[in-house]
>>> print(open('query-v2.txt').read())   # compact mmCIF, C-alpha atoms
# COMPACT_ATOMS: atom_id res chain seq x y z
CA MET A 1 28.29 37.79 25.92
CA SER A 2 26.83 41.24 26.26
CA GLU A 3 23.13 40.92 26.93
CA GLY A 4 20.38 43.24 25.73
CA ASN A 5 22.60 44.83 23.11
CA PRO A 6 20.96 44.16 19.75
CA PRO A 7 23.10 46.58 17.71
CA ASP A 8 26.20 44.63 18.64
CA PRO A 9 26.88 42.32 15.65
CA LEU A 10 28.34 39.63 17.87
CA ALA A 11 25.23 39.49 20.04
CA ARG A 12 23.04 39.35 16.95
CA LEU A 13 25.08 36.48 15.63
CA GLY A 14 24.70 34.75 18.98
CA GLU A 15 20.96 35.20 18.78
CA GLU A 16 20.86 33.79 15.30
CA ILE A 17 22.88 30.78 16.38
CA GLU A 18 20.56 30.22 19.30
CA LYS A 19 17.57 30.33 16.99
CA ALA A 20 19.15 27.88 14.56
CA ARG A 21 19.99 25.56 17.45
CA ALA A 22 16.43 25.69 18.71
CA GLU A 23 15.26 24.72 15.26
CA ARG A 24 17.67 21.82 15.17
CA VAL A 25 16.33 20.58 18.46
CA ARG A 26 12.87 20.64 16.96
CA ARG A 27 14.09 18.55 14.05
CA PRO A 28 13.96 15.08 15.64
CA VAL A 29 10.20 15.48 15.95
CA VAL A 30 10.04 15.28 12.18
CA ARG A 31 12.11 12.12 12.22
CA ASP A 32 9.76 10.70 14.84
CA ARG A 33 6.96 11.39 12.45
CA ALA A 34 8.69 9.31 9.81
CA VAL A 35 8.89 6.43 12.27
CA LEU A 36 5.24 6.95 13.15
CA GLN A 37 4.38 6.89 9.47
CA GLN A 38 6.16 3.59 9.01
CA GLY A 39 4.43 2.16 12.06
CA LEU A 40 1.07 3.30 10.75
CA GLY A 41 1.87 1.76 7.40
CA LEU A 42 2.67 -1.54 9.07
CA GLY A 43 -0.49 -1.40 11.17
CA PHE A 44 -2.72 -0.77 8.20
CA ARG A 45 -0.90 -3.49 6.31
CA ILE A 46 -1.28 -6.38 8.68
CA GLY A 47 -4.78 -5.53 9.83
CA ILE A 48 -6.34 -7.13 6.81
CA GLU A 49 -3.76 -9.84 6.18
CA LEU A 50 -5.22 -12.55 8.42
CA VAL A 51 -8.83 -12.04 7.40
CA VAL A 52 -8.12 -12.11 3.69
CA ALA A 53 -5.91 -15.17 4.00
CA VAL A 54 -8.64 -17.17 5.72
CA VAL A 55 -11.40 -15.99 3.39
CA VAL A 56 -9.46 -16.54 0.19
CA ALA A 57 -8.16 -19.96 1.27
CA THR A 58 -11.64 -21.10 2.28
CA GLY A 59 -12.93 -19.84 -1.05
CA ILE A 60 -10.31 -21.86 -2.89
CA GLY A 61 -11.28 -24.90 -0.83
CA TRP A 62 -14.93 -24.42 -1.70
CA ALA A 63 -14.03 -24.17 -5.39
CA ILE A 64 -11.96 -27.34 -5.19
CA ASP A 65 -14.87 -29.13 -3.51
CA ARG A 66 -17.23 -28.07 -6.27
CA TRP A 67 -14.77 -29.14 -8.89
CA LEU A 68 -13.80 -32.53 -7.46
CA GLY A 69 -16.94 -33.25 -5.47
CA THR A 70 -15.08 -33.82 -2.21
CA ARG A 71 -17.69 -31.87 -0.30
CA PRO A 72 -16.45 -30.77 3.09
CA TRP A 73 -12.81 -31.78 3.01
CA GLY A 74 -11.24 -29.27 0.67
CA MET A 75 -12.86 -26.41 2.54
CA ILE A 76 -11.84 -27.75 5.95
CA VAL A 77 -8.22 -28.39 5.00
CA LEU A 78 -7.84 -25.12 3.10
CA PHE A 79 -9.45 -23.22 5.99
CA PHE A 80 -6.76 -24.36 8.39
CA LEU A 81 -4.03 -23.82 5.81
CA GLY A 82 -5.41 -20.31 5.30
CA VAL A 83 -5.27 -19.59 9.03
CA ALA A 84 -1.67 -20.81 9.08
CA ALA A 85 -0.73 -18.78 6.01
CA GLY A 86 -2.36 -15.65 7.41
CA MET A 87 -0.58 -16.01 10.74
CA LEU A 88 2.68 -16.64 8.95
CA ASN A 89 2.23 -13.47 6.90
CA VAL A 90 1.38 -11.39 9.94
CA TYR A 91 4.28 -12.84 11.90
CA ARG A 92 6.67 -12.10 9.09
CA ALA A 93 5.35 -8.59 8.61
CA VAL A 94 5.75 -7.80 12.29
CA THR A 95 9.08 -9.39 13.04
CA GLY A 96 10.66 -8.61 9.69
CA VAL A 97 12.48 -11.99 9.86
CA SER A 98 12.08 -13.18 6.30
CA ARG A 99 10.07 -10.24 5.14
CA ALA A 100 7.73 -12.26 2.98
CA VAL A 101 7.32 -15.72 1.57
CA GLY A 102 10.54 -17.64 2.00
CA TYR A 103 12.58 -14.47 1.94
CA ARG A 104 16.02 -14.53 3.50
CA PRO A 105 18.17 -11.41 3.80
CA PRO A 106 21.25 -11.56 1.56
CA ASP A 107 23.66 -11.47 4.49
CA ALA A 108 22.09 -14.15 6.61
CA GLY A 109 23.43 -12.66 9.79
CA ALA A 110 21.50 -11.87 12.92
CA THR A 111 17.93 -12.65 11.98
CA THR A 112 18.20 -15.95 10.20
CA GLY A 113 21.40 -17.16 11.75
CA GLU A 114 19.55 -19.86 13.63
CA LYS A 115 17.81 -21.18 10.57
CA ARG A 116 21.07 -21.34 8.70
CA SER A 117 22.84 -23.36 11.36
CA ASP A 118 19.89 -25.74 11.45
CA ASP A 119 20.27 -26.20 7.77
CA GLU A 120 23.88 -27.20 8.12
CA ASP A 121 23.01 -29.77 10.77
CA CYS A 122 20.54 -31.52 8.52
CA MET B 1 -38.92 16.01 6.23
CA ALA B 2 -37.47 12.58 5.67
CA LEU B 3 -34.17 12.81 3.94
CA GLU B 4 -33.10 9.65 2.24
CA ILE B 5 -29.57 8.64 3.06
CA ARG B 6 -27.89 6.59 0.38
CA PRO B 7 -24.26 6.31 1.40
CA LEU B 8 -23.41 3.86 -1.35
CA GLU B 9 -24.75 5.95 -4.18
CA GLN B 10 -21.42 7.70 -4.53
CA PHE B 11 -19.87 4.50 -5.86
CA LYS B 12 -22.29 4.20 -8.75
CA ILE B 13 -20.70 4.10 -12.15
CA ASP B 14 -22.26 6.36 -14.75
CA ARG B 15 -21.64 6.01 -18.45
CA LEU B 16 -20.61 9.44 -19.63
CA ILE B 17 -20.04 8.38 -23.23
CA PRO B 18 -21.65 5.01 -24.00
CA ILE B 19 -19.46 2.95 -26.31
CA HIS B 20 -20.26 -0.60 -27.35
CA ILE B 21 -17.83 -2.53 -29.49
CA GLY B 22 -18.95 -5.94 -30.61
CA GLY B 23 -21.35 -6.38 -27.69
CA VAL B 24 -18.69 -5.42 -25.18
CA ASP B 25 -19.44 -2.42 -23.04
CA VAL B 26 -16.38 -0.16 -23.11
CA SER B 27 -18.19 3.04 -22.22
CA TYR B 28 -16.27 6.01 -20.97
CA THR B 29 -17.48 6.18 -17.36
CA ASN B 30 -17.07 8.63 -14.54
CA ALA B 31 -14.43 6.28 -13.11
CA ALA B 32 -12.48 6.39 -16.37
CA PHE B 33 -12.88 10.17 -16.38
CA LEU B 34 -11.35 10.47 -12.91
CA MET B 35 -8.49 8.18 -13.96
CA THR B 36 -7.86 10.43 -16.95
CA ILE B 37 -7.77 13.46 -14.69
CA ALA B 38 -5.35 11.71 -12.34
CA VAL B 39 -2.99 10.81 -15.18
CA LEU B 40 -3.19 14.31 -16.66
CA LEU B 41 -2.51 15.94 -13.28
CA ILE B 42 0.48 13.69 -12.60
CA THR B 43 1.89 14.38 -16.06
CA ALA B 44 1.33 18.11 -15.65
CA LEU B 45 2.98 18.15 -12.24
CA LEU B 46 6.04 16.27 -13.40
CA VAL B 47 6.45 17.90 -16.82
CA PHE B 48 5.69 21.50 -15.94
CA GLY B 49 7.08 21.22 -12.42
CA THR B 50 10.53 20.26 -13.63
CA ARG B 51 10.54 22.40 -16.75
CA LYS B 52 12.57 25.24 -15.27
CA ARG B 53 15.21 22.89 -13.84
CA ALA B 54 16.09 25.51 -11.27
CA LEU B 55 18.98 24.82 -8.94
CA VAL B 56 16.84 26.16 -6.13
CA PRO B 57 13.49 24.54 -6.84
CA GLY B 58 10.24 26.41 -6.70
CA ARG B 59 7.10 25.01 -5.17
CA TRP B 60 6.04 22.72 -7.98
CA GLN B 61 9.53 21.54 -8.70
CA SER B 62 9.92 20.77 -5.00
CA ILE B 63 6.81 18.61 -5.01
CA ALA B 64 7.95 16.76 -8.12
CA GLU B 65 11.45 16.23 -6.73
CA MET B 66 10.19 15.18 -3.31
CA SER B 67 7.89 12.54 -4.72
CA TYR B 68 10.67 11.30 -6.98
CA GLU B 69 13.15 11.06 -4.13
CA PHE B 70 10.62 9.50 -1.80
CA VAL B 71 9.93 6.61 -4.15
CA ALA B 72 13.57 6.30 -5.25
CA ASP B 73 14.54 6.01 -1.60
CA MET B 74 11.83 3.43 -0.99
CA VAL B 75 13.01 1.30 -3.91
CA GLU B 76 16.64 1.65 -2.89
CA THR B 77 16.10 0.58 0.72
CA ASN B 78 13.60 -2.18 0.06
CA VAL B 79 14.77 -3.75 -3.17
CA GLY B 80 18.43 -2.84 -3.15
CA HIS B 81 20.71 -1.89 -5.99
CA GLY B 82 19.17 -4.25 -8.51
CA GLY B 83 15.84 -2.56 -8.03
CA GLN B 84 16.44 0.78 -9.66
CA GLU B 85 15.28 -0.51 -13.01
CA PHE B 86 11.85 -1.08 -11.52
CA PHE B 87 11.67 2.44 -10.18
CA PRO B 88 9.47 3.74 -13.04
CA PHE B 89 6.92 1.03 -12.35
CA VAL B 90 6.76 1.64 -8.61
CA PHE B 91 6.69 5.40 -9.12
CA THR B 92 3.82 5.15 -11.59
CA LEU B 93 1.86 2.91 -9.25
CA PHE B 94 2.46 5.15 -6.26
CA MET B 95 1.56 8.39 -8.04
CA PHE B 96 -1.53 6.94 -9.68
CA ILE B 97 -2.94 5.52 -6.45
CA LEU B 98 -2.03 8.65 -4.51
CA PHE B 99 -3.74 10.94 -7.00
CA ALA B 100 -6.75 8.66 -7.38
CA ASN B 101 -7.17 8.59 -3.59
CA PHE B 102 -6.79 12.33 -3.19
CA LEU B 103 -9.06 13.15 -6.12
CA GLY B 104 -11.67 10.92 -4.51
CA LEU B 105 -11.69 13.26 -1.52
CA VAL B 106 -12.77 16.20 -3.65
CA PRO B 107 -16.52 16.67 -3.15
CA TYR B 108 -18.73 15.35 -5.99
CA SER B 109 -15.83 13.54 -7.59
CA TYR B 110 -15.43 9.78 -7.78
CA THR B 111 -13.09 7.45 -5.91
CA VAL B 112 -11.56 5.16 -8.48
CA THR B 113 -9.75 3.05 -5.88
CA SER B 114 -13.03 2.18 -4.14
CA GLN B 115 -13.78 -0.19 -7.02
CA ILE B 116 -12.31 -3.59 -6.26
CA ILE B 117 -11.83 -4.37 -9.94
CA VAL B 118 -9.48 -1.38 -10.24
CA THR B 119 -7.40 -2.28 -7.20
CA PHE B 120 -7.40 -5.94 -8.15
CA ALA B 121 -6.20 -5.12 -11.65
CA LEU B 122 -3.31 -3.14 -10.16
CA ALA B 123 -2.51 -5.93 -7.69
CA ALA B 124 -2.70 -8.57 -10.41
CA VAL B 125 -0.23 -6.62 -12.55
CA VAL B 126 2.15 -6.55 -9.59
CA PHE B 127 1.65 -10.23 -8.78
CA ILE B 128 2.01 -11.53 -12.34
CA GLY B 129 4.87 -9.15 -13.07
CA VAL B 130 6.80 -10.17 -9.95
CA THR B 131 6.27 -13.87 -10.67
CA ILE B 132 7.49 -13.47 -14.26
CA ILE B 133 10.51 -11.44 -13.14
CA GLY B 134 11.34 -14.11 -10.59
CA ILE B 135 11.08 -16.92 -13.12
CA VAL B 136 13.07 -15.03 -15.75
CA ARG B 137 15.80 -14.15 -13.27
CA HIS B 138 16.07 -17.49 -11.51
CA GLY B 139 14.35 -19.99 -13.75
CA PHE B 140 13.31 -23.21 -12.05
CA HIS B 141 15.25 -22.12 -8.99
CA PHE B 142 12.46 -19.64 -8.28
CA LEU B 143 10.36 -22.47 -6.83
CA ARG B 144 12.78 -22.61 -3.92
CA LEU B 145 10.89 -19.60 -2.65
CA PHE B 146 8.26 -22.03 -1.39
CA VAL B 147 10.66 -24.38 0.36
CA PRO B 148 11.71 -23.09 3.78
CA GLN B 149 15.29 -23.81 4.71
CA GLY B 150 16.33 -26.12 7.50
CA VAL B 151 13.07 -28.02 7.87
CA PRO B 152 12.70 -31.81 8.12
CA ALA B 153 11.34 -33.39 4.97
CA ALA B 154 8.19 -34.61 6.70
CA LEU B 155 7.22 -31.08 7.69
CA LEU B 156 7.74 -29.84 4.15
CA LEU B 157 4.56 -31.67 3.21
CA LEU B 158 2.71 -29.23 5.41
CA LEU B 159 4.85 -26.14 5.00
CA VAL B 160 5.07 -25.99 1.23
CA PRO B 161 1.28 -25.68 0.77
CA ILE B 162 1.22 -22.98 3.43
CA GLU B 163 4.01 -21.06 1.73
CA LEU B 164 2.35 -21.51 -1.64
CA LEU B 165 -0.94 -20.28 -0.24
CA SER B 166 0.58 -17.27 1.45
CA TYR B 167 2.22 -16.39 -1.86
CA CYS B 168 -1.00 -16.77 -3.81
CA ILE B 169 -3.10 -14.60 -1.51
CA ARG B 170 -0.80 -11.64 -2.03
CA PRO B 171 -2.78 -10.04 -4.85
CA PHE B 172 -5.96 -10.43 -2.82
CA THR B 173 -4.60 -8.77 0.30
CA LEU B 174 -3.05 -6.04 -1.82
CA ALA B 175 -6.31 -5.35 -3.65
CA ILE B 176 -8.71 -5.73 -0.73
CA ARG B 177 -6.64 -3.56 1.60
CA LEU B 178 -6.77 -0.54 -0.68
CA PHE B 179 -10.36 -1.11 -1.78
CA ALA B 180 -11.72 -1.72 1.73
CA ASN B 181 -10.00 1.32 3.20
CA MET B 182 -11.31 3.66 0.53
CA LEU B 183 -14.80 2.16 0.51
CA ALA B 184 -15.17 2.20 4.29
CA GLY B 185 -13.89 5.75 4.67
CA HIS B 186 -16.08 7.23 1.98
CA THR B 187 -19.17 5.32 3.15
CA MET B 188 -18.60 6.61 6.67
CA LEU B 189 -18.29 10.16 5.35
CA ALA B 190 -21.58 9.84 3.49
CA ILE B 191 -23.41 8.30 6.47
CA PHE B 192 -22.38 11.03 8.85
CA GLY B 193 -23.09 13.58 6.13
CA GLY B 194 -26.59 12.17 5.90
CA PHE B 195 -27.04 12.47 9.68
CA ALA B 196 -25.86 16.05 9.58
CA ALA B 197 -28.38 16.87 6.88
CA SER B 198 -31.34 15.22 8.60
CA LEU B 199 -30.75 16.27 12.19
CA GLY B 200 -31.24 19.98 11.65
CA LEU B 201 -29.52 22.10 14.26
CA LEU B 202 -28.16 19.05 16.10
CA GLY B 203 -26.51 18.06 12.85
CA ILE B 204 -23.54 20.08 13.92
CA PHE B 205 -22.25 17.08 15.89
CA PRO B 206 -22.16 14.57 13.04
CA MET B 207 -20.71 17.38 10.94
CA GLY B 208 -17.88 17.74 13.43
CA ILE B 209 -17.25 14.01 13.22
CA ASP B 210 -17.29 14.29 9.44
CA ILE B 211 -14.58 16.92 9.56
CA LEU B 212 -12.44 14.61 11.66
CA ILE B 213 -13.10 11.74 9.27
CA VAL B 214 -11.98 13.90 6.37
CA ALA B 215 -8.71 14.49 8.18
CA LEU B 216 -8.38 10.74 8.75
CA GLU B 217 -9.19 10.07 5.12
CA VAL B 218 -6.40 12.38 3.97
CA LEU B 219 -4.03 10.31 6.07
CA VAL B 220 -5.46 7.03 4.80
CA ALA B 221 -5.28 8.19 1.18
CA ALA B 222 -1.56 8.90 1.42
CA LEU B 223 -0.85 5.90 3.62
CA GLN B 224 -2.57 3.37 1.39
CA ALA B 225 -0.65 4.59 -1.65
CA TYR B 226 2.52 4.23 0.43
CA VAL B 227 1.59 0.74 1.63
CA PHE B 228 0.77 -0.41 -1.88
CA ALA B 229 4.08 0.89 -3.21
CA ILE B 230 6.18 -0.52 -0.37
CA LEU B 231 4.58 -3.94 -0.65
CA THR B 232 5.30 -3.91 -4.37
CA CYS B 233 8.91 -3.17 -3.45
CA LEU B 234 9.01 -6.05 -0.96
CA TYR B 235 7.54 -8.48 -3.47
CA LEU B 236 10.03 -7.34 -6.09
CA SER B 237 12.80 -7.83 -3.59
CA ASP B 238 11.59 -11.40 -3.01
CA ALA B 239 11.80 -12.16 -6.70
CA ILE B 240 15.18 -10.48 -7.22
CA ASN B 241 17.11 -11.27 -4.07
CA LEU B 242 16.25 -14.95 -4.05
CA HIS B 243 18.67 -17.42 -2.55
>>> encode(input="query-v2.txt", output="structure tokens")
Amino acid sequence: MSEGNPPDPLARLGEEIEKARAERVRRPVVRDRAVLQQGLGLGFRIGIELVVAVVVATGIGWAIDRWLGTRPWGMIVLFFLGVAAGMLNVYRAVTGVSRAVGYRPPDAGATTGEKRSDDEDC
Amino acid sequence: MALEIRPLEQFKIDRLIPIHIGGVDVSYTNAAFLMTIAVLLITALLVFGTRKRALVPGRWQSIAEMSYEFVADMVETNVGHGGQEFFPFVFTLFMFILFANFLGLVPYSYTVTSQIIVTFALAAVVFIGVTIIGIVRHGFHFLRLFVPQGVPAALLLLLVPIELLSYCIRPFTLAIRLFANMLAGHTMLAIFGGFAASLGLLGIFPMGIDILIVALEVLVAALQAYVFAILTCLYLSDAINLH
């Protein structure tokens, strides 16, 4: 191509193409930002999951104790159940295996394949 | 000069128009006022923004279309084809929380979503709605949600309560997440604002931090609305795509 010849329409077209290409290269950054946004969303989501699970479960246990008069036991059992539920929620949120309670993707392919085969064995 | 710093004063509810009906306080408060503004702004944006119906959208139409497509996309990818009928609900939730969060960032305004009763009411609507949808769609079969597949019967005794519990804490996590984020951010803003006011010339440092926190809060405001909407989508998908 003839360089340094702005009046030449071909060269100008070449320049314009170059500019458009440069912009297209910059594009993926935007897509990265979308990924970052999703990651941030996930991070903010799970941060509170464990804490709330434990607190709410212990609260329910306390209420059961008050109601049935089974002083420490409801709280103790529900506390551990809460820890388990919280961990389960966090694990599911992070791995995306069943995305929430008991969820299984419609095409039980890659992620839950193991579970499915277990089921058939039983 | 001792300046009193009261970072929590911003969350006080004032009765703008006291109304009492049968001993029940239903006053029109500053929180209700901000909610009204949020709803009016959303309506204005969507009605006036799309009025021209230009093929090449202007600024306002672009904003309206982008928010529409954003949520429609979210519903499509997370709930699937059966989810489009719930789009209006998710869109309303998303826009309301987004506008409430952003309006809370305007100085001297009020952050509606920093009240746990507001966020809990929203979360409870989602929780109860999703449960009802699940029961209507699947009937008794819906309870299978709590029974993990491929587990020995003895373990079910332990796993079913855990599953049940992790289902029941959903409205709490949903509500507390939004509430805690807004409360913490705005309290932090006020505390550093108080430092800036009482430190005199040195106050420029806490002021700088405040500016950064405002930037963070803008991010959090949008992100929390997004998180709330996407979790609603995931819960809906649980209830609809049950196996």
>>> residues_around(input="query-v2.txt", residues="Ala44 in chain B", least_positions_apart="6", cutoff="12 Å", atoms="only C-alpha atoms", output="number ranges by chain")
B: 37-38, 50-51, 60-61, 63-64
>>> write_last_selection(input="query-v2.txt", atoms="C-alpha atoms", output="PDB file, in the frame of the given file")
ATOM      1  CA  ILE B  37      -7.770  13.460 -14.690  1.00  0.00           C
ATOM      2  CA  ALA B  38      -5.350  11.710 -12.340  1.00  0.00           C
ATOM      3  CA  THR B  50      10.530  20.260 -13.630  1.00  0.00           C
ATOM      4  CA  ARG B  51      10.540  22.400 -16.750  1.00  0.00           C
ATOM      5  CA  TRP B  60       6.040  22.720  -7.980  1.00  0.00           C
ATOM      6  CA  GLN B  61       9.530  21.540  -8.700  1.00  0.00           C
ATOM      7  CA  ILE B  63       6.810  18.610  -5.010  1.00  0.00           C
ATOM      8  CA  ALA B  64       7.950  16.760  -8.120  1.00  0.00           C
TER       9      ALA B  64
END
>>> residues_around(input="query-v2.txt", residues="Ile240 in chain B", least_positions_apart="4", cutoff="12 Å", atoms="all atoms listed in the file", output="count of residues only")
31
>>> closest_residue(input="query-v2.txt", among="B:Thr77, B:Ser62, B:Gln149, B:Ser109", to="chain A", atoms="all atoms listed in the file")
B:Gln149
>>> interface_residues(input="query-v2.txt", of="chain B", to="chain A", cutoff="9 Å", atoms="all atoms listed in the file", output="VMD selection string")
chain B and resid 144 to 152 158 161 to 167 169 to 170 172 to 174 176 to 177 220 223 to 224 226 to 228 231 234 to 235 237 to 239 241 to 243
>>> axis_aligned_box(input="query-v2.txt", around="range 62-80 of chain B", padding_each_side="4 Å", output="JSON")
{"center_x": 12.6, "center_y": 8.5, "center_z": -3.7, "size_x": 19.6, "size_y": 32.5, "size_z": 16.8}
>>> residues_around(input="query-v2.txt", residues="Gly208 in chain B", least_positions_apart="3", cutoff="12 Å", atoms="only C-alpha atoms", output="list in words")
Leu189, Phe192, Gly193, Phe195, Ala196, Leu202, Gly203, Ile204, Phe205, Ile211, Leu212, Ile213, Val214 and Ala215 of chain B
>>> closest_residue(input="query-v2.txt", among="B:Val90, B:Ala32, B:Val24, B:Ala72", to="Val125 in chain B", atoms="all atoms listed in the file")
B:Val90
>>> atom_distance(input="query-v2.txt", atom1="CA of Ala31 in chain B", atom2="CA of Asp14 in chain B")
8.0 Å
>>> decode(input="query-v2.txt", residues="range 59-72 of chain A", atoms="N, CA and C atoms", output="PDB file, in the first residue's frame")
ATOM      1  N   GLY A  59     -31.064 -19.952  65.393  1.00  0.00           N
ATOM      2  CA  GLY A  59     -32.249 -19.236  65.860  1.00  0.00           C
ATOM      3  C   GLY A  59     -33.469 -20.142  65.880  1.00  0.00           C
ATOM      4  N   ILE A  60     -33.624 -20.917  64.798  1.00  0.00           N
ATOM      5  CA  ILE A  60     -34.753 -21.856  64.753  1.00  0.00           C
ATOM      6  C   ILE A  60     -34.637 -22.865  65.892  1.00  0.00           C
ATOM      7  N   GLY A  61     -33.422 -23.356  66.125  1.00  0.00           N
ATOM      8  CA  GLY A  61     -33.202 -24.299  67.217  1.00  0.00           C
ATOM      9  C   GLY A  61     -33.574 -23.714  68.566  1.00  0.00           C
ATOM     10  N   TRP A  62     -33.189 -22.474  68.769  1.00  0.00           N
ATOM     11  CA  TRP A  62     -33.518 -21.778  70.021  1.00  0.00           C
ATOM     12  C   TRP A  62     -35.029 -21.683  70.186  1.00  0.00           C
ATOM     13  N   ALA A  63     -35.712 -21.350  69.078  1.00  0.00           N
ATOM     14  CA  ALA A  63     -37.172 -21.220  69.129  1.00  0.00           C
ATOM     15  C   ALA A  63     -37.822 -22.565  69.446  1.00  0.00           C
ATOM     16  N   ILE A  64     -37.291 -23.623  68.835  1.00  0.00           N
ATOM     17  CA  ILE A  64     -37.835 -24.959  69.109  1.00  0.00           C
ATOM     18  C   ILE A  64     -37.654 -25.315  70.581  1.00  0.00           C
ATOM     19  N   ASP A  65     -36.467 -24.991  71.114  1.00  0.00           N
ATOM     20  CA  ASP A  65     -36.186 -25.256  72.526  1.00  0.00           C
ATOM     21  C   ASP A  65     -37.173 -24.537  73.430  1.00  0.00           C
ATOM     22  N   ARG A  66     -37.444 -23.294  73.131  1.00  0.00           N
ATOM     23  CA  ARG A  66     -38.380 -22.513  73.931  1.00  0.00           C
ATOM     24  C   ARG A  66     -39.767 -23.106  73.870  1.00  0.00           C
ATOM     25  N   TRP A  67     -40.084 -23.604  72.682  1.00  0.00           N
ATOM     26  CA  TRP A  67     -41.439 -24.101  72.440  1.00  0.00           C
ATOM     27  C   TRP A  67     -41.641 -25.459  73.123  1.00  0.00           C
ATOM     28  N   LEU A  68     -40.660 -26.347  72.967  1.00  0.00           N
ATOM     29  CA  LEU A  68     -40.810 -27.710  73.467  1.00  0.00           C
ATOM     30  C   LEU A  68     -40.107 -27.937  74.801  1.00  0.00           C
ATOM     31  N   GLY A  69     -39.332 -26.955  75.235  1.00  0.00           N
ATOM     32  CA  GLY A  69     -38.631 -27.091  76.499  1.00  0.00           C
ATOM     33  C   GLY A  69     -37.531 -28.139  76.481  1.00  0.00           C
ATOM     34  N   THR A  70     -36.880 -28.296  75.359  1.00  0.00           N
ATOM     35  CA  THR A  70     -35.791 -29.274  75.248  1.00  0.00           C
ATOM     36  C   THR A  70     -34.451 -28.552  75.298  1.00  0.00           C
ATOM     37  N   ARG A  71     -34.258 -27.752  76.318  1.00  0.00           N
ATOM     38  CA  ARG A  71     -33.235 -26.732  76.387  1.00  0.00           C
ATOM     39  C   ARG A  71     -32.067 -26.815  75.400  1.00  0.00           C
ATOM     40  N   PRO A  72     -30.987 -27.528  75.673  1.00  0.00           N
ATOM     41  CA  PRO A  72     -29.872 -27.252  74.757  1.00  0.00           C
ATOM     42  C   PRO A  72     -29.968 -28.005  73.433  1.00  0.00           C
TER      43      PRO A  72
END
